[in-house]
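Chemist: Coordinates in work_29.tsv, TSV, C-alpha atoms, are listed below.
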```tsv
chain	number	residue	atom	x	y	z
A	1	MET	CA	-26.23	4.50	-36.76
A	2	LYS	CA	-28.06	1.67	-35.01
A	3	ILE	CA	-25.17	-0.68	-35.72
A	4	ARG	CA	-22.67	1.80	-34.26
A	5	THR	CA	-24.81	2.22	-31.13
A	6	PHE	CA	-25.07	-1.55	-30.79
A	7	VAL	CA	-21.30	-2.00	-31.14
A	8	ILE	CA	-20.56	0.72	-28.56
A	9	GLY	CA	-23.05	-0.81	-26.13
A	10	TYR	CA	-21.60	-4.27	-26.65
A	11	VAL	CA	-18.04	-3.04	-26.03
A	12	LEU	CA	-19.09	-1.23	-22.84
A	13	ALA	CA	-20.91	-4.32	-21.57
A	14	LEU	CA	-17.88	-6.48	-22.31
A	15	ALA	CA	-15.58	-4.02	-20.53
A	16	LEU	CA	-17.83	-4.02	-17.45
A	17	LEU	CA	-17.87	-7.83	-17.46
A	18	VAL	CA	-14.07	-8.03	-17.64
A	19	PHE	CA	-13.71	-5.42	-14.89
A	20	ALA	CA	-16.15	-7.32	-12.66
A	21	ASN	CA	-14.22	-10.56	-13.19
A	22	ARG	CA	-10.93	-8.87	-12.34
A	23	ARG	CA	-12.41	-7.38	-9.17
A	24	SER	CA	-13.57	-10.82	-8.07
A	25	GLU	CA	-9.96	-12.01	-8.19
A	26	ILE	CA	-8.91	-9.51	-5.52
A	27	PRO	CA	-8.74	-11.36	-2.19
A	28	PRO	CA	-11.13	-9.99	0.43
A	29	ASN	CA	-8.29	-9.65	2.97
A	30	ALA	CA	-5.97	-7.67	0.69
A	31	GLY	CA	-5.98	-4.75	3.15
A	32	PHE	CA	-4.64	-4.43	6.68
A	33	HIS	CA	-6.73	-5.67	9.58
A	34	SER	CA	-4.74	-4.12	12.42
A	35	VAL	CA	-2.08	-1.55	13.27
A	36	ILE	CA	0.44	-2.37	16.00
A	37	ASP	CA	2.44	0.39	17.63
A	38	LEU	CA	6.06	-0.73	17.99
A	39	THR	CA	7.10	2.42	19.82
A	40	SER	CA	8.42	2.50	23.36
A	41	THR	CA	7.89	5.67	25.37
A	42	SER	CA	10.13	7.17	28.01
A	43	ALA	CA	10.35	10.24	30.17
A	44	GLY	CA	13.69	10.76	28.48
A	45	ASN	CA	12.10	11.75	25.16
A	46	ASN	CA	12.69	15.46	25.73
A	47	LYS	CA	16.34	14.77	26.47
A	48	VAL	CA	16.60	12.67	23.33
A	49	GLN	CA	15.05	15.41	21.21
A	50	ALA	CA	17.31	18.05	22.72
A	51	ALA	CA	20.41	15.97	22.00
A	52	ALA	CA	19.27	15.28	18.45
A	53	SER	CA	18.53	18.94	17.77
A	54	LYS	CA	22.16	19.71	18.63
A	55	LYS	CA	23.23	17.37	15.82
A	56	SER	CA	24.81	14.96	18.28
A	57	PRO	CA	24.08	11.24	18.70
A	58	ILE	CA	21.29	10.56	21.16
A	59	GLU	CA	22.07	9.01	24.49
A	60	PRO	CA	20.98	5.43	25.13
A	61	GLY	CA	17.52	5.26	26.64
A	62	LYS	CA	14.28	3.37	26.60
A	63	ALA	CA	12.45	5.50	24.05
A	64	THR	CA	12.31	4.22	20.49
A	65	GLN	CA	14.97	5.98	18.45
A	66	ILE	CA	16.10	6.24	14.85
A	67	VAL	CA	19.77	6.59	13.97
A	68	ALA	CA	20.39	8.16	10.58
A	69	PRO	CA	23.23	7.33	8.18
A	70	SER	CA	24.66	10.80	8.83
A	71	SER	CA	25.82	9.56	12.23
A	72	TYR	CA	28.44	7.65	10.22
A	73	SER	CA	29.21	10.44	7.76
A	74	PRO	CA	27.79	13.98	7.36
A	75	LYS	CA	27.69	13.31	3.61
A	76	LEU	CA	24.87	10.78	4.16
A	77	TRP	CA	21.21	11.39	5.02
A	78	SER	CA	20.36	13.02	8.32
A	79	VAL	CA	17.05	12.21	10.02
A	80	ASP	CA	15.16	14.90	8.10
A	81	GLN	CA	16.73	13.89	4.77
A	82	ILE	CA	15.77	10.21	4.73
A	83	PRO	CA	13.50	9.89	1.65
A	84	GLY	CA	9.85	9.23	2.39
A	85	GLU	CA	9.82	6.11	0.23
A	86	ARG	CA	12.36	4.56	2.61
A	87	LEU	CA	10.08	5.09	5.60
A	88	VAL	CA	7.29	2.78	4.37
A	89	ALA	CA	8.42	-0.74	3.54
A	90	PRO	CA	7.74	-4.47	3.80
A	91	LEU	CA	8.47	-5.77	7.29
A	92	ALA	CA	10.35	-8.91	8.31
A	93	VAL	CA	10.58	-9.91	11.98
A	94	ILE	CA	13.35	-12.38	12.80
A	95	HIS	CA	13.26	-14.21	16.12
A	96	ALA	CA	16.65	-14.72	17.70
A	97	ASN	CA	18.29	-15.79	20.94
A	98	GLY	CA	19.75	-12.88	22.89
A	99	SER	CA	22.76	-14.92	23.99
A	100	SER	CA	24.30	-14.55	20.52
A	101	PRO	CA	24.03	-12.10	17.59
A	102	VAL	CA	21.42	-12.55	14.87
A	103	SER	CA	23.37	-14.85	12.58
A	104	MET	CA	23.22	-16.03	8.98
A	105	ASN	CA	21.72	-19.25	10.35
A	106	ASP	CA	18.86	-17.19	11.78
A	107	VAL	CA	18.35	-15.48	8.41
A	108	VAL	CA	18.49	-18.78	6.51
A	109	SER	CA	16.02	-20.34	8.94
A	110	TYR	CA	13.69	-17.38	8.51
A	111	GLU	CA	13.73	-17.60	4.72
A	112	LYS	CA	13.26	-21.36	4.84
A	113	ASN	CA	10.07	-20.88	6.85
A	114	TYR	CA	8.67	-17.68	5.34
A	115	GLY	CA	10.32	-17.22	1.96
A	116	GLU	CA	12.86	-14.65	0.86
A	117	ILE	CA	12.91	-11.34	2.66
A	118	PRO	CA	11.40	-8.85	0.16
A	119	LEU	CA	13.83	-6.43	-1.43
A	120	GLY	CA	13.81	-3.04	0.25
A	121	SER	CA	12.45	-4.33	3.55
A	122	VAL	CA	12.95	-3.19	7.11
A	123	VAL	CA	14.22	-6.10	9.19
A	124	LEU	CA	13.53	-6.15	12.93
A	125	ALA	CA	14.91	-8.67	15.41
A	126	ARG	CA	12.80	-9.93	18.27
A	127	VAL	CA	15.36	-11.08	20.79
A	128	GLN	CA	14.36	-13.73	23.30
A	129	GLY	CA	16.21	-13.83	26.59
A	130	ASP	CA	18.89	-11.31	27.51
A	131	VAL	CA	18.70	-8.34	25.14
A	132	SER	CA	21.74	-6.55	26.57
A	133	ASN	CA	24.04	-8.35	24.13
A	134	ALA	CA	21.61	-8.30	21.20
A	135	ALA	CA	23.15	-7.48	17.82
A	136	PHE	CA	23.40	-8.57	14.20
A	137	SER	CA	26.44	-10.54	13.12
A	138	SER	CA	28.65	-9.06	10.44
A	139	ASP	CA	27.83	-11.69	7.81
A	140	ALA	CA	24.08	-11.45	8.46
A	141	MET	CA	24.18	-7.67	8.18
A	142	LYS	CA	26.14	-7.73	4.93
A	143	PHE	CA	23.80	-10.33	3.45
A	144	LEU	CA	20.71	-8.30	4.35
A	145	LEU	CA	22.17	-5.11	2.90
A	146	HIS	CA	23.58	-6.51	-0.33
A	147	ALA	CA	21.41	-9.53	-1.15
A	148	ARG	CA	18.09	-8.15	0.12
A	149	ASN	CA	18.69	-4.39	-0.18
A	150	VAL	CA	17.37	-3.87	3.34
A	151	ILE	CA	16.82	-0.17	4.10
A	152	GLY	CA	16.38	-0.32	7.88
A	153	ILE	CA	17.50	-2.56	10.75
A	154	GLY	CA	16.10	-2.62	14.26
A	155	MET	CA	15.54	-4.56	17.45
A	156	GLU	CA	14.06	-4.35	20.91
A	157	ALA	CA	17.43	-3.43	22.42
A	158	GLU	CA	19.78	-0.49	21.96
A	159	MET	CA	21.86	-1.17	18.86
A	160	MET	CA	25.50	-0.24	19.24
A	161	ARG	CA	26.40	2.29	16.57
A	162	ASN	CA	30.09	1.77	17.22
A	163	SER	CA	29.92	-1.94	16.44
A	164	GLU	CA	31.22	-3.03	13.06
A	165	PRO	CA	27.91	-4.44	11.70
A	166	ASP	CA	25.84	-1.43	12.71
A	167	THR	CA	28.45	1.02	11.43
A	168	TYR	CA	28.50	-0.94	8.18
A	169	ALA	CA	24.72	-0.60	7.88
A	170	LEU	CA	24.85	3.16	8.44
A	171	SER	CA	27.67	3.53	5.92
A	172	HIS	CA	25.39	1.88	3.33
A	173	SER	CA	22.55	4.36	3.99
A	174	ALA	CA	20.42	2.04	6.14
A	175	TYR	CA	18.95	3.52	9.30
A	176	LEU	CA	18.84	1.86	12.72
A	177	LEU	CA	15.78	1.55	14.97
A	178	ASN	CA	16.42	1.10	18.69
A	179	ASN	CA	14.28	0.05	21.65
A	180	LEU	CA	11.27	-1.28	19.77
A	181	ASN	CA	8.25	-2.76	21.51
A	182	ASN	CA	5.46	-5.29	20.84
A	183	LEU	CA	7.38	-7.29	18.24
A	184	GLU	CA	5.84	-10.46	19.67
A	185	LYS	CA	2.48	-9.24	18.34
A	186	VAL	CA	3.67	-8.90	14.74
A	187	PRO	CA	3.70	-11.82	12.27
A	188	ALA	CA	7.13	-12.77	11.01
A	189	SER	CA	6.21	-11.87	7.42
A	190	GLY	CA	3.52	-10.20	5.34
A	191	SER	CA	3.23	-6.90	7.22
A	192	MET	CA	4.28	-3.38	6.28
A	193	VAL	CA	6.03	-0.87	8.50
A	194	MET	CA	5.70	2.90	8.76
A	195	VAL	CA	8.64	4.77	10.29
A	196	ALA	CA	7.81	8.35	11.30
A	197	PRO	CA	10.77	10.25	12.77
A	198	SER	CA	10.54	13.80	14.04
A	199	LYS	CA	11.87	15.97	11.23
A	200	LEU	CA	14.79	17.50	13.11
A	201	ARG	CA	17.05	19.47	10.80
A	202	ALA	CA	20.49	17.89	10.31
A	203	ALA	CA	19.94	15.53	13.28
A	204	THR	CA	21.96	12.33	13.30
A	205	ALA	CA	19.36	10.63	15.52
A	206	GLY	CA	16.06	11.32	17.20
A	207	PRO	CA	12.73	10.01	18.50
A	208	VAL	CA	10.59	8.01	16.10
A	209	ARG	CA	7.13	6.44	15.91
A	210	VAL	CA	7.09	2.97	14.34
A	211	LEU	CA	3.84	1.28	13.27
A	212	ALA	CA	3.31	-2.21	11.86
A	213	LEU	CA	0.43	-2.60	9.41
A	214	VAL	CA	-0.68	-6.22	9.72
A	215	ARG	CA	-2.56	-8.02	6.96
```
Take the structure from the file and write it as C-alpha cells.
Modeler:
Amino acid sequence: MKIRTFVIGYVLALALLVFANRRSEIPPNAGFHSVIDLTSTSAGNNKVQAAASKKSPIEPGKATQIVAPSSYSPKLWSVDQIPGERLVAPLAVIHANGSSPVSMNDVVSYEKNYGEIPLGSVVLARVQGDVSNAAFSSDAMKFLLHARNVIGIGMEAEMMRNSEPDTYALSHSAYLLNNLNNLEKVPASGSMVMVAPSKLRAATAGPVRVLALVR
C-alpha cells in the first residue's frame, strides 16, 4: 500500500514538473496587445443597409462594406451565410502603390520580407498615393486564391466588383472588404482579423465591422 502511494505521488510530481516546464516554453507575448478598428464610418450606413436588405449590391460609399460571393452567383454564400470560421483569420497587409494594381511583384516582395502568407488568410492592401485606381492584378489574385487559399480580400478603396480579378475572387467564395481604415497602424504580418458583418438575410453586401488583433 505504501509503495502504491509512493508511486502515485511520484507520478503526480513528475507530471506537475513536466507541465511547469511546458508552460515556461510559452512566450509571454503569445496574446494580443492591441485591437485596431479598421472600420470607416459614414452617414450613408443606413442607405447601405437598406440597399443590402433588398438583396441588391450596395452603392459605393465611404463606409466599410463586405461583398459576399452571392453577388457573383445566388448559389454562393450571402452575407448571412458566410461561415463563422471564415470571419476570423490570419491577417496579411500588403503595401502597394496606388498608381498600379497590387501585382505579383508586390506579393513576392511581401513574402520575401515576411514569409509566406498563411493559408486561409485575409489579405488587405494598403495603397499609397491615389486610391481611386487601386485594385489587385489578375495574376496576384489567382495566386492568392489558389496558392494561399485566401478567404477574403480588401483595401482602403472601393473594390470594383465588375472587374475581372474581383469577380474571380467572388466566384471562388472569397469575400471583398471595401473602404478600410487605419491599415497604416497594423503590422504587415503576425496579426489576426475579425470580420463582423451585419447578418442581413440573403444580402449580397452590407456594412461590416473589421478589427485587427495585433500581437
Chemist: If we count only C-alpha atoms, what is near Arg86 (chain A) at a cut-off of 10 Å, once residues fewer than 5 positions away on the same chain are taken out, given as an MDAnalysis selection string?
Modeler: chainID A and resid 120:122 150:152 174:175 194:195
Chemist: Go ahead and compute the interatomic distance for CA of Thr64 (chain A) and CA of Gly115 (chain A), in Å to one decimal.
Modeler: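 We find that CA of Thr64 (chain A) and CA of Gly115 (chain A) lie 28.4 Å from each other.
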Chemist: Output as CSV one row per residue of region 56-131 of chain A within 9 Å of region 185-193 of chain A: the closest atom pair and its distance in Å to one decimal place, counting only C-alpha atoms, sorted by chain and residue number ascending.
Modeler:
```
residue,atom,partner,partner_atom,distance
A:Leu87,CA,A:Val193,CA,7.8
A:Val88,CA,A:Val193,CA,5.7
A:Ala89,CA,A:Val193,CA,5.5
A:Pro90,CA,A:Met192,CA,4.4
A:Leu91,CA,A:Met192,CA,4.9
A:Ala92,CA,A:Ser189,CA,5.2
A:Val93,CA,A:Ala188,CA,4.6
A:Ile94,CA,A:Ala188,CA,6.5
A:His95,CA,A:Ala188,CA,8.1
A:Tyr110,CA,A:Ala188,CA,8.4
A:Tyr114,CA,A:Ser189,CA,6.6
A:Gly115,CA,A:Ser189,CA,8.7
A:Ile117,CA,A:Ser189,CA,8.2
A:Ser121,CA,A:Met192,CA,8.7
A:Val122,CA,A:Val193,CA,7.4
```
Chemist: Those selected residues, please, written with C-alpha atoms and delivered as a PDB file, in the frame of the given file.
Modeler:
```pdb
ATOM      1  CA  LEU A  87      10.080   5.090   5.600  1.00  0.00           C
ATOM      2  CA  VAL A  88       7.290   2.780   4.370  1.00  0.00           C
ATOM      3  CA  ALA A  89       8.420  -0.740   3.540  1.00  0.00           C
ATOM      4  CA  PRO A  90       7.740  -4.470   3.800  1.00  0.00           C
ATOM      5  CA  LEU A  91       8.470  -5.770   7.290  1.00  0.00           C
ATOM      6  CA  ALA A  92      10.350  -8.910   8.310  1.00  0.00           C
ATOM      7  CA  VAL A  93      10.580  -9.910  11.980  1.00  0.00           C
ATOM      8  CA  ILE A  94      13.350 -12.380  12.800  1.00  0.00           C
ATOM      9  CA  HIS A  95      13.260 -14.210  16.120  1.00  0.00           C
ATOM     10  CA  TYR A 110      13.690 -17.380   8.510  1.00  0.00           C
ATOM     11  CA  TYR A 114       8.670 -17.680   5.340  1.00  0.00           C
ATOM     12  CA  GLY A 115      10.320 -17.220   1.960  1.00  0.00           C
ATOM     13  CA  ILE A 117      12.910 -11.340   2.660  1.00  0.00           C
ATOM     14  CA  SER A 121      12.450  -4.330   3.550  1.00  0.00           C
ATOM     15  CA  VAL A 122      12.950  -3.190   7.110  1.00  0.00           C
TER      16      VAL A 122
END
```
Chemist: From the list A:Glu164, A:Pro101, A:Gln128, A:Ala63, which residue is nearest Glu184 (chain A) when using all atoms listed in the file?
Modeler: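 Among the listed residues, the smallest separation from Glu184 (chain A) belongs to A:Gln128.
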Chemist: When distances are computed from only C-alpha atoms, which of A:Glu156, A:Glu111, A:Ala205, A:Gln65 shows the smallest separation from Asn182 (chain A)?
Modeler: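 Counting only C-alpha atoms, the residue closest to Asn182 (chain A) is A:Glu156.
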Chemist: One decimal, Å: what's the distance from CA of Val210 (chain A) over to CA of Ser198 (chain A), could you say?
Modeler: 11.4 Å
Chemist: How many Å lie between CA of Ala135 (chain A) and CA of Ala203 (chain A), rounded to one decimal?
Modeler: 23.7 Å
Chemist: What's the 9 Å shell around region 73-78 of chain A, counting all atoms listed in the file, without same-chain residues fewer than 2 positions away, as a list in words?
Modeler: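 Final neighbour list, sorted by chain and number: Val67, Ala68, Pro69, Ser70, Ser71, Asp80, Gln81, Ile82, Pro83, Leu170, Ser171, His172, Ser173, Leu200, Arg201, Ala202, Ala203, Thr204 and Ala205 of chain A.
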Chemist: So which one's closest to Met141 (chain A), A:Pro118, A:Gly129, A:Gly154, A:Pro165? Using only C-alpha atoms, please.
Modeler: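 Of A:Pro118, A:Gly129, A:Gly154, A:Pro165, the one nearest Met141 (chain A), counting only C-alpha atoms, is A:Pro165.
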